[in-house]
$ cat run_26.cif   # mmCIF, C-alpha atoms
data_data
#
loop_
_atom_site.label_atom_id
_atom_site.label_comp_id
_atom_site.auth_asym_id
_atom_site.auth_seq_id
_atom_site.Cartn_x
_atom_site.Cartn_y
_atom_site.Cartn_z
CA MET C 36 0.00 0.00 0.00
CA ILE C 37 2.14 2.85 -1.32
CA PHE C 38 -0.28 5.61 -0.18
CA LEU C 39 -0.22 4.42 3.43
CA ARG C 40 3.56 4.15 3.30
CA LEU C 41 3.83 7.73 1.99
CA PHE C 42 1.42 8.98 4.66
CA TYR C 43 3.39 7.20 7.39
CA GLU C 44 6.82 8.38 6.18
CA PHE C 45 5.68 12.01 6.01
CA PHE C 46 3.82 11.75 9.30
CA ILE C 47 7.19 10.94 10.89
CA VAL C 48 8.80 13.92 9.12
CA GLY C 49 6.03 16.22 10.33
CA LEU C 50 6.28 14.87 13.85
CA PHE C 51 10.02 15.31 14.33
CA SER C 52 11.07 18.28 12.21
CA VAL C 53 11.02 21.31 14.50
CA GLY C 54 11.29 24.82 13.05
CA GLY C 55 9.54 24.57 9.70
CA GLY C 56 10.50 24.23 6.02
CA LEU C 57 14.23 23.63 5.91
CA SER C 58 14.25 21.40 8.99
CA THR C 59 12.43 18.74 6.95
CA ILE C 60 15.49 18.35 4.68
CA PRO C 61 17.56 16.06 6.92
CA PHE C 62 14.50 13.82 7.39
CA LEU C 63 13.82 13.74 3.66
CA ALA C 64 17.48 12.89 2.94
CA ASN C 65 17.15 10.03 5.42
CA MET C 66 13.88 8.92 3.80
CA GLY C 67 15.43 8.93 0.31
CA GLU C 68 18.25 6.72 1.56
CA ASN C 69 15.94 4.25 3.30
CA THR C 70 13.23 3.93 0.65
CA GLY C 71 15.17 4.52 -2.57
CA TRP C 72 12.39 6.86 -3.75
CA PHE C 73 14.84 9.64 -4.66
CA THR C 74 18.55 10.42 -4.54
CA LEU C 75 20.21 13.35 -2.78
CA SER C 76 20.59 14.96 -6.19
CA ASP C 77 16.82 14.63 -6.82
CA LEU C 78 16.22 16.10 -3.37
CA THR C 79 18.31 19.19 -4.16
CA ASN C 80 16.31 19.71 -7.35
CA MET C 81 13.10 19.34 -5.33
CA ILE C 82 14.30 21.99 -2.87
CA ALA C 83 15.08 24.28 -5.80
CA VAL C 84 11.63 23.77 -7.35
CA SER C 85 9.82 24.08 -4.00
CA GLU C 86 11.67 27.27 -3.07
CA SER C 87 10.87 28.89 -6.40
CA THR C 88 7.15 28.06 -6.50
CA PRO C 89 4.35 29.49 -4.35
CA GLY C 90 3.39 27.78 -1.11
CA PRO C 91 5.16 26.66 2.08
CA LEU C 92 8.44 24.83 1.40
CA GLY C 93 7.58 21.69 3.38
CA ILE C 94 4.24 21.17 1.66
CA ASN C 95 5.75 21.66 -1.78
CA MET C 96 8.49 19.13 -1.08
CA ALA C 97 6.00 16.57 0.23
CA THR C 98 3.89 17.09 -2.90
CA TYR C 99 6.93 16.65 -5.11
CA VAL C 100 8.05 13.42 -3.44
CA GLY C 101 4.51 12.04 -3.24
CA PHE C 102 3.80 12.86 -6.87
CA SER C 103 7.00 11.35 -8.20
CA VAL C 104 6.46 8.17 -6.17
CA ALA C 105 2.74 7.57 -6.78
CA GLY C 106 1.12 10.36 -8.83
CA ALA C 107 -1.52 12.82 -7.62
CA GLY C 108 -2.85 10.40 -4.96
CA GLY C 109 0.66 10.01 -3.64
CA ALA C 110 1.07 13.79 -3.44
CA LEU C 111 -2.12 14.06 -1.42
CA ALA C 112 -1.13 11.20 0.91
CA ALA C 113 2.29 12.76 1.54
CA VAL C 114 0.93 16.25 2.25
CA LEU C 115 -1.79 14.95 4.57
CA GLY C 116 0.79 12.85 6.40
CA LEU C 117 3.08 15.85 6.81
CA MET C 118 0.30 18.12 8.08
CA ALA C 119 -1.46 15.66 10.40
CA PRO C 120 0.98 15.86 13.36
CA SER C 121 1.07 19.69 13.28
CA VAL C 122 -2.70 19.94 13.18
CA ILE C 123 -3.14 17.47 16.04
CA ILE C 124 -0.41 18.99 18.23
CA VAL C 125 -1.48 22.58 17.65
CA LEU C 126 -5.12 21.72 18.37
CA ILE C 127 -4.01 20.31 21.71
CA ILE C 128 -1.78 23.31 22.46
CA ALA C 129 -4.44 25.81 21.43
CA THR C 130 -6.62 24.59 24.27
CA PHE C 131 -4.07 25.49 26.94
CA LEU C 132 -1.92 28.04 25.15
CA ASN C 133 -0.77 30.18 28.06
CA LYS C 134 0.17 27.29 30.30
CA PHE C 135 2.29 25.87 27.49
CA ARG C 136 4.25 29.05 26.86
CA ASN C 137 5.25 29.60 30.47
CA ASN C 138 6.02 26.02 31.36
CA HIS C 139 9.65 25.54 32.48
CA HIS C 140 9.79 21.92 31.39
CA VAL C 141 8.59 22.78 27.89
CA GLU C 142 11.21 25.53 27.73
CA ALA C 143 13.89 23.07 28.88
CA VAL C 144 12.95 20.55 26.20
CA PHE C 145 13.23 23.21 23.51
CA HIS C 146 16.56 24.29 24.92
CA GLY C 147 17.76 20.85 23.78
CA LEU C 148 15.69 20.63 20.61
CA ARG C 149 16.83 23.87 18.96
CA PRO C 150 20.56 23.07 18.78
CA ALA C 151 19.70 19.57 17.50
CA SER C 152 17.51 21.03 14.77
CA THR C 153 20.26 23.52 13.82
CA ALA C 154 22.86 20.75 13.68
CA LEU C 155 20.65 18.55 11.50
CA ILE C 156 20.16 21.39 9.02
CA ALA C 157 23.91 22.06 9.09
CA ALA C 158 24.52 18.40 8.26
CA ALA C 159 22.00 18.68 5.41
CA ALA C 160 23.83 21.79 4.19
CA PHE C 161 27.06 19.80 4.20
CA SER C 162 25.58 17.01 2.09
CA VAL C 163 24.04 19.45 -0.39
CA ILE C 164 27.41 21.24 -0.69
CA THR C 165 29.31 18.01 -1.21
CA MET C 166 26.93 17.19 -4.01
CA SER C 167 26.76 20.47 -5.89
CA LEU C 168 30.01 22.33 -5.11
CA ILE C 169 32.67 19.85 -4.01
CA THR C 170 32.34 16.14 -4.71
CA ILE C 171 34.04 13.94 -2.14
CA GLU C 172 34.94 10.41 -3.15
CA ARG C 173 35.22 7.89 -0.39
CA PRO C 174 36.99 4.55 -0.64
CA ALA C 175 34.57 1.64 -0.34
CA GLY C 176 34.61 0.07 3.11
CA GLY C 177 37.09 2.58 4.54
CA PRO C 178 36.69 4.31 7.91
CA PHE C 179 34.29 7.28 8.02
CA TRP C 180 37.02 9.92 7.76
CA ALA C 181 38.76 8.40 4.72
CA ILE C 182 38.69 10.48 1.51
CA SER C 183 40.09 9.23 -1.77
CA GLY C 184 39.44 12.22 -4.02
CA LEU C 185 38.01 15.73 -4.21
CA THR C 186 36.41 17.34 -7.27
CA TRP C 187 35.91 21.10 -7.17
CA HIS C 188 33.05 22.44 -9.32
CA LEU C 189 34.62 25.85 -9.77
CA PRO C 190 31.84 27.74 -11.66
CA ALA C 191 29.24 26.63 -9.11
CA ILE C 192 31.58 27.52 -6.21
CA ILE C 193 32.13 31.01 -7.64
CA LEU C 194 28.38 31.49 -8.10
CA ALA C 195 27.65 30.28 -4.56
CA GLY C 196 30.39 32.54 -3.17
CA ALA C 197 28.96 35.53 -5.01
CA ILE C 198 25.44 34.85 -3.71
CA LEU C 199 26.74 34.27 -0.17
CA LEU C 200 28.47 37.65 -0.33
CA LEU C 201 25.43 39.40 -1.84
CA THR C 202 23.02 37.97 0.74
CA HIS C 203 25.12 39.57 3.49
CA LEU C 204 25.48 43.01 1.88
CA PRO C 205 23.43 45.55 3.85
CA LYS C 206 21.32 46.92 1.01
CA VAL C 207 20.47 43.81 -1.00
CA LYS C 208 20.28 41.21 1.80
CA LYS C 209 16.59 41.93 2.41
CA LEU C 210 15.69 40.83 -1.12
CA HIS C 211 13.40 37.83 -1.36
CA PRO C 212 15.15 34.42 -1.79
CA VAL C 213 13.26 33.98 -5.06
CA VAL C 214 15.40 36.83 -6.49
CA TRP C 215 18.58 34.83 -5.76
CA LEU C 216 17.07 31.68 -7.20
CA ALA C 217 16.10 33.45 -10.43
CA PHE C 218 19.56 35.03 -10.58
CA SER C 219 21.33 31.71 -10.08
CA ALA C 220 19.17 29.89 -12.63
CA ALA C 221 19.92 32.63 -15.19
CA MET C 222 23.66 32.43 -14.42
CA GLY C 223 23.49 28.66 -14.79
CA ILE C 224 21.98 28.95 -18.26
CA ILE C 225 24.19 31.85 -19.44
CA PHE C 226 27.50 30.36 -18.30
CA GLU C 227 26.42 26.73 -18.88
CA ILE C 228 27.42 25.70 -15.37
CA MET L 65 -20.59 26.90 6.08
CA ARG L 66 -19.60 30.28 4.70
CA THR L 67 -16.89 30.69 7.33
CA TYR L 68 -15.41 27.31 6.39
CA ILE L 69 -15.21 28.30 2.72
CA ASP L 70 -13.86 31.68 3.74
CA LEU L 71 -11.11 30.01 5.81
CA PHE L 72 -10.24 27.70 2.94
CA LEU L 73 -10.09 30.49 0.33
CA THR L 74 -8.20 32.94 2.53
CA PHE L 75 -5.48 30.42 3.32
CA ALA L 76 -5.38 29.27 -0.30
CA LYS L 77 -4.64 32.90 -1.15
CA VAL L 78 -1.89 32.98 1.49
CA GLY L 79 -0.50 29.76 -0.02
CA VAL L 80 -0.41 31.20 -3.53
CA THR L 81 1.27 34.45 -2.54
CA THR L 82 4.12 33.09 -0.38
CA PHE L 83 7.38 31.66 -1.59
CA GLY L 84 9.43 29.48 0.71
CA GLY L 85 7.15 29.71 3.76
CA GLY L 86 8.24 30.52 7.30
CA TYR L 87 8.83 34.17 8.07
CA ALA L 88 8.28 35.18 4.44
CA MET L 89 4.64 34.46 5.17
CA LEU L 90 4.22 36.78 8.15
CA PRO L 91 3.49 40.06 6.27
CA ILE L 92 0.99 38.30 4.00
CA LEU L 93 -0.79 36.65 6.93
CA GLU L 94 -0.86 40.01 8.65
CA ARG L 95 -2.58 41.61 5.67
CA GLU L 96 -5.07 38.81 5.05
CA VAL L 97 -5.86 37.50 8.51
CA VAL L 98 -5.36 40.55 10.73
CA GLU L 99 -6.30 43.50 8.52
CA ASN L 100 -8.82 42.04 6.06
CA LYS L 101 -10.57 39.31 8.06
CA LYS L 102 -9.80 40.45 11.62
CA TRP L 103 -9.52 36.81 12.72
CA ALA L 104 -6.57 37.57 15.00
CA THR L 105 -4.51 40.49 16.30
CA THR L 106 -0.89 41.11 15.31
CA GLY L 107 0.16 40.06 18.82
CA GLU L 108 -1.72 36.77 18.58
CA LEU L 109 -0.22 36.14 15.16
CA SER L 110 3.34 36.55 16.45
CA ASP L 111 2.49 34.26 19.38
CA TYR L 112 1.31 31.61 16.92
CA PHE L 113 4.52 32.04 14.97
CA ALA L 114 6.68 31.71 18.07
CA ILE L 115 4.88 28.50 19.05
CA GLY L 116 4.97 27.28 15.43
CA GLN L 117 8.75 27.71 15.48
CA CYS L 118 9.19 25.41 18.42
CA THR L 119 6.50 22.80 17.85
CA PRO L 120 6.87 19.99 15.34
CA GLY L 121 5.79 20.51 11.77
CA ILE L 122 5.52 23.24 9.19
CA ILE L 123 5.17 26.72 10.72
CA ALA L 124 2.61 27.81 8.12
CA VAL L 125 0.43 24.78 8.88
CA ASN L 126 0.69 25.41 12.62
CA THR L 127 -0.41 29.03 12.19
CA ALA L 128 -3.30 28.07 9.91
CA THR L 129 -4.42 25.46 12.45
CA PHE L 130 -4.37 28.03 15.26
CA ILE L 131 -6.45 30.55 13.35
CA GLY L 132 -8.85 27.97 11.92
CA SER L 133 -9.50 26.41 15.31
CA LYS L 134 -9.99 29.81 16.90
CA GLN L 135 -12.72 30.57 14.36
CA LYS L 136 -14.50 27.26 13.93
CA GLY L 137 -12.95 24.56 16.10
CA ILE L 138 -11.40 21.41 14.67
CA LEU L 139 -13.24 21.56 11.34
CA GLY L 140 -12.18 25.16 10.90
CA ALA L 141 -8.56 24.11 11.45
CA VAL L 142 -8.92 21.37 8.84
CA PHE L 143 -10.39 23.76 6.24
CA ALA L 144 -7.69 26.38 6.86
CA THR L 145 -4.80 23.91 6.52
CA LEU L 146 -6.27 22.24 3.44
CA GLY L 147 -6.70 25.67 1.85
CA LEU L 148 -3.09 26.48 2.63
CA ALA L 149 -1.83 23.25 1.06
CA CYS L 150 -4.10 23.30 -1.99
CA PRO L 151 -2.18 25.69 -4.31
CA GLY L 152 1.16 24.01 -3.61
CA ILE L 153 -0.28 20.56 -4.36
CA ILE L 154 -1.73 21.69 -7.69
CA ILE L 155 1.26 23.74 -8.86
CA ILE L 156 3.90 21.20 -7.86
CA SER L 157 1.95 18.28 -9.32
CA LEU L 158 1.74 20.09 -12.66
CA LEU L 159 5.45 20.98 -12.48
CA ALA L 160 6.53 17.48 -11.44
CA ALA L 161 4.52 15.99 -14.30
CA GLY L 162 6.09 18.44 -16.75
CA LEU L 163 9.63 18.48 -15.39
CA SER L 164 10.39 14.91 -16.35
CA HIS L 165 10.09 16.07 -19.97
CA PHE L 166 11.90 19.36 -19.44
CA ASN L 167 14.83 17.60 -17.78
CA GLU L 168 16.10 16.39 -21.13
CA MET L 169 16.62 19.97 -22.30
CA SER L 170 20.17 21.07 -21.50
CA ALA L 171 19.08 24.60 -20.50
CA VAL L 172 17.00 23.13 -17.68
CA GLY L 173 20.00 21.12 -16.52
CA HIS L 174 22.18 24.24 -16.45
CA ALA L 175 19.48 26.19 -14.66
CA PHE L 176 19.32 23.49 -11.98
CA ASN L 177 23.09 23.49 -11.57
CA GLY L 178 22.89 27.23 -10.96
CA LEU L 179 19.92 26.81 -8.61
CA ARG L 180 21.81 24.26 -6.52
CA ALA L 181 24.55 26.79 -5.85
CA ALA L 182 21.90 29.21 -4.56
CA ILE L 183 20.24 26.47 -2.48
CA CYS L 184 23.58 25.80 -0.75
CA VAL L 185 23.77 29.46 0.22
CA LEU L 186 20.14 29.62 1.38
CA ILE L 187 20.66 26.62 3.66
CA ILE L 188 23.98 27.99 4.98
CA ASN L 189 22.28 31.31 5.75
CA ALA L 190 19.46 29.48 7.55
CA VAL L 191 22.01 27.63 9.68
CA ILE L 192 23.79 30.90 10.53
CA LYS L 193 20.51 32.56 11.50
CA LEU L 194 19.30 29.58 13.54
CA GLY L 195 22.72 29.21 15.15
CA LYS L 196 22.69 32.80 16.35
CA SER L 197 19.41 32.26 18.18
CA SER L 198 19.84 28.68 19.37
CA LEU L 199 23.56 28.35 20.27
CA LYS L 200 23.88 30.67 23.23
CA ASP L 201 25.56 28.56 25.92
CA ALA L 202 28.03 25.69 26.30
CA PHE L 203 25.25 23.11 26.60
CA SER L 204 23.59 24.02 23.30
CA LEU L 205 26.97 24.30 21.55
CA PHE L 206 27.89 20.83 22.81
CA LEU L 207 24.58 19.38 21.59
CA PHE L 208 25.04 21.09 18.23
CA LEU L 209 28.51 19.57 17.70
CA ALA L 210 27.46 16.14 18.95
CA VAL L 211 24.39 15.98 16.70
CA LEU L 212 26.37 17.33 13.73
CA ALA L 213 29.00 14.61 14.15
CA ALA L 214 26.36 11.91 14.68
CA ALA L 215 24.43 12.97 11.59
CA LEU L 216 27.48 13.37 9.34
CA PHE L 217 29.57 10.37 10.25
CA PHE L 218 27.35 7.78 11.87
CA LYS L 219 24.09 8.07 9.92
CA ILE L 220 21.99 7.96 13.08
CA SER L 221 18.28 8.58 12.42
CA PRO L 222 17.40 12.29 12.81
CA ALA L 223 14.25 11.39 14.75
CA LEU L 224 16.32 9.59 17.39
CA LEU L 225 18.70 12.56 17.65
CA VAL L 226 15.84 15.04 18.08
CA LEU L 227 14.18 12.87 20.73
CA SER L 228 17.34 12.38 22.77
CA CYS L 229 18.24 16.08 22.64
CA GLY L 230 14.77 17.06 23.84
CA PHE L 231 15.18 14.56 26.69
CA LEU L 232 18.65 15.91 27.56
CA GLY L 233 17.27 19.45 27.56
CA LEU L 234 14.57 18.36 29.99
CA LEU L 235 17.11 16.65 32.28
CA VAL L 236 19.39 19.71 32.33
CA GLY L 237 16.36 21.93 33.01
CA LEU L 238 15.29 19.74 35.93
CA PHE L 239 18.82 19.74 37.34
CA LYS L 240 19.10 23.53 37.04
CA GLY L 241 15.65 24.00 38.54
CA ARG L 242 16.60 21.92 41.58
CA ARG L 243 19.91 23.76 41.99
CA SER L 244 18.35 27.20 41.75
CA ALA L 245 15.59 26.17 44.13
CA SER L 246 18.12 25.16 46.78
CA SER L 247 20.31 28.24 46.24
CA SER L 248 17.43 30.68 46.36
CA SER L 249 16.49 29.29 49.75
CA GLY L 250 20.00 30.27 50.86
CA VAL L 251 21.31 33.78 51.48
CA SER L 252 21.80 35.14 47.96
CA GLY L 253 21.16 32.75 45.08
CA GLU L 254 22.28 34.30 41.84
CA SER L 255 20.35 31.91 39.62
CA GLY L 256 17.37 32.18 41.95
CA ALA L 257 17.38 35.93 41.43
CA GLU L 258 17.69 35.35 37.70
CA ASN L 259 14.68 33.06 37.76
CA ALA L 260 12.71 35.60 39.73
CA ALA L 261 13.60 38.27 37.19
CA GLN L 262 12.47 36.00 34.37
CA GLU L 263 9.30 35.27 36.27
CA ALA L 264 8.66 39.00 36.66
CA LYS L 265 9.24 39.57 32.95
CA LYS L 266 6.64 36.99 32.07
CA LEU L 267 4.04 38.57 34.32
#
$ encode --input "run_26.cif" --output "structure tokens"
Amino acid sequence: MIFLRLFYEFFIVGLFSVGGGLSTIPFLANMGENTGWFTLSDLTNMIAVSESTPGPLGINMATYVGFSVAGAGGALAAVLGLMAPSVIIVLIIATFLNKFRNNHHVEAVFHGLRPASTALIAAAAFSVITMSLITIERPAGGPFWAISGLTWHLPAIILAGAILLLTHLPKVKKLHPVVWLAFSAAMGIIFEI
Amino acid sequence: MRTYIDLFLTFAKVGVTTFGGGYAMLPILEREVVENKKWATTGELSDYFAIGQCTPGIIAVNTATFIGSKQKGILGAVFATLGLACPGIIIISLLAAGLSHFNEMSAVGHAFNGLRAAICVLIINAVIKLGKSSLKDAFSLFLFLAVLAAALFFKISPALLVLSCGFLGLLVGLFKGRRSASSSSGVSGESGAENAAQEAKKL
């Protein structure tokens, strides 16, 4: 039952990814590895498409995965699975909102959750970088730190460096991410990256 | 029934007009939900966002659920979230169906190679921004490094990492709470005073 499987997989993503949109990426990378539904390279394309189309990032990514695995029904199953935990949890919280916000134990739990969420996104950033900017080859069966070769994708690195710089310049850093995406897609086509 | 349809359509509109989600959505929600529909105040909206940030799931969905349930209970929440998701589902399905054909064109391939470079930067920037707000003491820095190493080198399931960090946070909180309780009963407990100050701020 592929629809149930999609619902379940995305329910887990929705349940454990704290902090919205980008925090679903490490879970999706993990899902791709376990199910074989998509590769890390597919995932990066999905992020690109989801970021440059209307709608919340997480929902767009769930739709993309669901659709490519099992068509329109799959997209619906994935999105419903992703949304179900949020809806249930928020409905519970909404009933005792003020107690929740001022509870020391809840605060303490989030004190641990936030760094974990940040680290998981950092790890996802690392895997996206090693796929699109610097390819790392690892010897088969070697220890986890062993590296047998590095390939630098210079045009992409220069483009990424330029965007990184631009997104921290005082005047242009407030521009919408879609502007950078359009810019980078145009650069990709013009310079045949 | 009209309110349900209204919830659905309003959030569908929010879904169509936001790119990327998260904080990009706040000004649009403010215009639609606070100014046009008067379903919530700006203060309530930022509360919902703050809670959405630290509860599981997509922030946009969490906010839609809050507002929907405030208006019309559980069914209202369902209509609002479905409305929010609807445009994305339609647009992405159409794109995903079409992209498999486009992919063979070399221009699309080059565009994606360019896009990936931008995606790297967007994720790095998100990590920097999150890091600034979440890595403020030795404990959180330690958790950050430990989880980063575990995720990069040992392929431990992210769900397990999140669960254990939440548990560790709770343990540290309990330990601190006990320590500050005992020190504030003493002559001059620094952390006890701190807690009292925090307490006062909340009130």
$ residues_around --input "run_26.cif" --residues "L:Phe176" --least-positions-apart "3" --cutoff "7 Å" --atoms "only C-alpha atoms" --output "list in words"
Asn80 and Ala220 of chain C; Val172, Gly173, Leu179 and Arg180 of chain L
$ atom_distance --input "run_26.cif" --atom1 "atom CA of L:Ser133" --atom2 "atom CA of C:Tyr43"
24.5 Å
$ closest_residue --input "run_26.cif" --among "C:Ile127, C:Leu92, C:Ile171, C:Leu63" --to "chain L" --atoms "all atoms listed in the file"
C:Leu92
$ atom_distance --input "run_26.cif" --atom1 "atom CA of C:Leu216" --atom2 "atom CA of C:Val84"
9.6 Å
$ resolve_selection --input "run_26.cif" --expression "the PyMOL selection byres ((chain L) within 6 of (chain C))" --output "ChimeraX atom specification"
/L:79-80,82-85,117-123,126,129,152-153,171,174-175,178-179,181-182,184-185,187,191,198,204,208,211-212,216,223,226,229-230,233-234,237
$ atom_distance --input "run_26.cif" --atom1 "atom CA of L:Ala149" --atom2 "atom CA of L:Leu71"
12.4 Å
$ residues_around --input "run_26.cif" --residues "L:Lys136" --least-positions-apart "6" --cutoff "10 Å" --atoms "all atoms listed in the file" --output "short mmCIF file (atom, residue, chain, number, x, y, z; two decimals) with C-alpha atoms, keeping the file's coordinate frame"
data_model
loop_
_atom_site.label_atom_id
_atom_site.label_comp_id
_atom_site.auth_asym_id
_atom_site.auth_seq_id
_atom_site.Cartn_x
_atom_site.Cartn_y
_atom_site.Cartn_z
CA MET L 65 -20.59 26.90 6.08
CA THR L 67 -16.89 30.69 7.33
CA TYR L 68 -15.41 27.31 6.39
CA LEU L 71 -11.11 30.01 5.81
CA VAL L 142 -8.92 21.37 8.84
CA PHE L 143 -10.39 23.76 6.24
CA ALA L 144 -7.69 26.38 6.86
#
$ resolve_selection --input "run_26.cif" --expression "the PyMOL selection byres ((chain L and resi 77) around 10)" --output "ChimeraX atom specification"
/C:90 /L:71-76,78-82,92-93,96,147-148,150-151
$ resolve_selection --input "run_26.cif" --expression "the PyMOL selection byres ((chain C and resi 37) around 10)" --output "short mmCIF file (atom, residue, chain, number, x, y, z; two decimals) with C-alpha atoms, in the frame of the given file"
data_model
loop_
_atom_site.label_atom_id
_atom_site.label_comp_id
_atom_site.auth_asym_id
_atom_site.auth_seq_id
_atom_site.Cartn_x
_atom_site.Cartn_y
_atom_site.Cartn_z
CA MET C 36 0.00 0.00 0.00
CA PHE C 38 -0.28 5.61 -0.18
CA LEU C 39 -0.22 4.42 3.43
CA ARG C 40 3.56 4.15 3.30
CA LEU C 41 3.83 7.73 1.99
CA PHE C 42 1.42 8.98 4.66
CA TYR C 43 3.39 7.20 7.39
CA GLY C 101 4.51 12.04 -3.24
CA VAL C 104 6.46 8.17 -6.17
CA ALA C 105 2.74 7.57 -6.78
CA GLY C 108 -2.85 10.40 -4.96
CA GLY C 109 0.66 10.01 -3.64
CA ALA C 112 -1.13 11.20 0.91
#
$ build_atoms --input "run_26.cif" --residues "stretch 231-242 of chain L" --atoms "N, CA, C and O atoms" --output "tab-separated table (two decimals), in the frame of the given file"
chain	number	residue	atom	x	y	z
L	231	PHE	N	15.11	15.21	25.39
L	231	PHE	CA	15.18	14.56	26.69
L	231	PHE	C	16.33	15.15	27.52
L	231	PHE	O	16.16	15.46	28.71
L	232	LEU	N	17.50	15.33	26.87
L	232	LEU	CA	18.65	15.91	27.56
L	232	LEU	C	18.34	17.32	28.05
L	232	LEU	O	18.69	17.70	29.17
L	233	GLY	N	17.66	18.10	27.18
L	233	GLY	CA	17.27	19.45	27.56
L	233	GLY	C	16.40	19.43	28.82
L	233	GLY	O	16.60	20.22	29.74
L	234	LEU	N	15.46	18.49	28.84
L	234	LEU	CA	14.57	18.36	29.99
L	234	LEU	C	15.35	18.02	31.26
L	234	LEU	O	15.15	18.62	32.32
L	235	LEU	N	16.30	17.06	31.12
L	235	LEU	CA	17.11	16.65	32.28
L	235	LEU	C	17.91	17.83	32.82
L	235	LEU	O	17.92	18.08	34.03
L	236	VAL	N	18.58	18.57	31.91
L	236	VAL	CA	19.39	19.71	32.33
L	236	VAL	C	18.50	20.76	32.99
L	236	VAL	O	18.87	21.35	34.02
L	237	GLY	N	17.30	20.97	32.43
L	237	GLY	CA	16.36	21.93	33.01
L	237	GLY	C	15.95	21.53	34.42
L	237	GLY	O	15.92	22.35	35.33
L	238	LEU	N	15.68	20.23	34.61
L	238	LEU	CA	15.29	19.74	35.93
L	238	LEU	C	16.41	19.94	36.93
L	238	LEU	O	16.22	20.39	38.06
L	239	PHE	N	17.65	19.61	36.48
L	239	PHE	CA	18.82	19.74	37.34
L	239	PHE	C	19.02	21.20	37.75
L	239	PHE	O	19.18	21.51	38.93
L	240	LYS	N	18.94	22.09	36.77
L	240	LYS	CA	19.10	23.53	37.04
L	240	LYS	C	18.01	24.02	37.99
L	240	LYS	O	18.27	24.78	38.90
L	241	GLY	N	16.78	23.57	37.72
L	241	GLY	CA	15.65	24.00	38.54
L	241	GLY	C	15.86	23.62	39.99
L	241	GLY	O	15.66	24.43	40.89
L	242	ARG	N	16.38	22.38	40.21
L	242	ARG	CA	16.60	21.92	41.58
L	242	ARG	C	17.69	22.75	42.24
L	242	ARG	O	17.58	23.18	43.37
